[in-house]
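See structure below.
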Amino acid sequence: MTFAVPPSHPRYHSLVARHRIEDGVRLGITTPTGLVAHGRGEAFDYLLGERSHPFAVQACTAAAAALLCAAKPVLSINGNTAMLVAEEMISLGRTAGALLEINIFHDAPERRQKIAERFRSFGSEILGVVPDARLEGLSSDRAKVDSRGMLDADCVVVALEDGDRTEFLVRAGKQVIAVDLNPLSRTPQTAQISIIDNVQRAFPLLEKEIDRLRGQGRAAWEAILASYDNRSILRAAEEAIRNGLQALPEDAL
Ligand code: ATP
C-alpha cells in the first residue's frame with residue numbers, strides 16, 4: 001500500500017504504525033480486533049508522551065537479566081507484533097538466544113502460515129506454524145503451542161497478550177515478561193516483569209540492555225532480579241498516565 005504522509009508530519013510514526021496494522025488486516029496477518037487493540041494502545045501511548053519512561057527502562061533491565069538467566073526463552077508473536085516489530089523481534093531473539101513462536105487468539109492455519117511467511121521474508125524461521133501440543137488447562141486457542149518452544153520454555157516474552165494466558169503461564173511456573181501500554185490490564189498486572197511501553201520502542205531497548213548486561217555474569221543478573229519490584233513499576237506507570245491526562249489542554253479531551 002502506498003503511504004503518502006511525509007516524514008515531517010508531526011504524527012508520522014503513529015500514522016506509519018496504523019498503516020502497518022491496516023496492511024496486516026489486508027494481508028490476513030492481523031485481525032480487525034487487532035486494530036481495536038492497537039487503538040487502545042495508542043491512547044495510552046499518547047498519555048505517556050510517546051516516549052520510554054524510566055519505569056520502562058528499569059523493567060527492560062530486569063527483563064534483560066531474566067532472559068540472560070533463562071535456559072529456554074521464547075518470544076511470543078501475534079498478528080500485531082508480526083506487523084509492527086518483526087525485524088526487532090528477530091534481532092532480539094538472536095541476541096537473547098530465544099526462539100520465536102506464533103501464538104494467536106483468533107486461530108486459523110492460514111494466518112499462521114502468513115505470519116511465518118513474513119518472518120521468512122526477513123530471513124527467520126518461527127515455531128508454531130503447525131502447533132503440535134497444548135497448554136493443558138487453558139481453554140482458548142492460545143493453548144495451542146509448539147512442543148519445541150513454548151511448551152517447556154522457562155521464560156516467555158508476550159505483548160498485546162490476553163490476561164488468561166498470562167495468568168496460566170505464570171501458574172505453570174514460567175517467568176513472564178509482558179510488554180503492554182496499559183499498566184491496569186490483567187497481563188501486566190499478572191506478569192512478573194511488565195514493560196509499560198510501546199513494542200516499537202521496548203524491544204530495541206530490551207535488546208540494548210541484554211548487550212549491556214551480558215558481560216556482567218549470572219550473579220549480577222540474579223541480583224538485578226532479586227531487587228526488582230514490578231508493583232512499583234506499575235504504580236509509576238499509572239501515575240505517569242494520570243499526569244499525562246492532567247497535562248492535556250481541556251480542548252484536547
Ligand atoms: P487483558 O486480558 O490482559 O486485560 P486487554 O483486554 O486489556 O487484556 P487486549 O485487547 O487483549 O487487552 O490487548 C491489547 C493490549 O495491548 C492493551 O492493553 C493495549 O494497551 C496494548 N497495546 C496495544 N498496542 C500496543 C503497542 N503497540 N505496544 C504495547 N502495547 C500495546
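By convention in this document, the chains of the C-alpha cells carry letters A, B, ... by their order, each chain's residues are numbered from 1, and ligands are numbered from 1 in the order they are shown.
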
Quiz item: Got a sec: who's within 9 Å of Gly28 of chain A, counting only C-alpha atoms, leaving out chain neighbours fewer than 5 positions off, as a list in words?
Solution: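 In the requested format, the answer is Asp23, Gly79, Glu110, Arg111, Lys114 and Ile115 of chain A.
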
Practice problem: Tell me, as a ChimeraX atom specification, which residues lie within 10 Å of segment 58-67 of chain A, counting only C-alpha atoms; anything in the same chain fewer than 3 positions away does not count. | Solution: /A:53-55,70-74,95-98,154-157,175-179,192-197,202-214,216-218,220-230,233-234

Exercise. Could you pull out the residues sitting within 6 Å of ligand 1, using only C-alpha atoms and all ligand atoms, and write them as a PyMOL selection string?
Key: chain A and resi 37-38+40-41+160-163+179-182+185-187+197-199

Self-check item: Backbone DSSP call of strand (DSSP E or B) for segment 129-211 of chain A, listed as a ChimeraX atom specification
Solution: /A:133-134,144-145,155-159,175-179,193-195

Exercise. Would you please work out which residue, of A:Arg20, A:Lys174, A:Lys144, A:His106, is nearest to Thr33 of chain A when using only C-alpha atoms?
Key: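 Under the stated criterion, the closest residue is A:His106.
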
Quiz item: How would you write, as JSON, numbers by chain, the set of residues in segment 28-249 of chain A that DSSP gives as alpha helix (DSSP H)?
Solution: {"A": [32, 33, 34, 35, 36, 37, 38, 39, 40, 41, 42, 43, 44, 45, 46, 47, 54, 55, 56, 57, 58, 59, 60, 61, 62, 63, 64, 65, 66, 67, 68, 69, 79, 80, 81, 82, 83, 84, 86, 87, 88, 89, 90, 91, 92, 93, 94, 95, 96, 109, 110, 111, 112, 113, 114, 115, 116, 117, 118, 119, 120, 121, 163, 164, 165, 166, 167, 168, 169, 170, 171, 186, 187, 188, 189, 190, 199, 200, 201, 202, 203, 204, 205, 206, 207, 208, 209, 210, 211, 212, 213, 218, 219, 220, 221, 222, 223, 224, 225, 226, 227, 230, 231, 232, 233, 234, 235, 236, 237, 238, 239, 240, 241, 242, 243, 244, 245, 246, 247]}

Quiz item: In Å, how far is it from atom CA of Ile241 of chain A to atom CA of Arg201 of chain A?
Solution: 17.2 Å

Quiz prompt | For Arg120 of chain A: contacts at 12 Å, only C-alpha atoms, fewer than 3 positions along chain excluded, given as an MDAnalysis selection string | solution = chainID A and resid 82 86:87 90 100 113:117 123:127 129

Quiz item: Looking at only C-alpha atoms, which of A:Glu88, A:Asp107, A:Glu101, A:Glu238 is the one that sits closest to Pro183 of chain A?
Solution: A:Glu238

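If you measure from each of A:Ala247, A:Met89, A:Leu68, A:Ile104 to Tyr46 of chain A using only C-alpha atoms, the closest one turns out to be A:Ala247.
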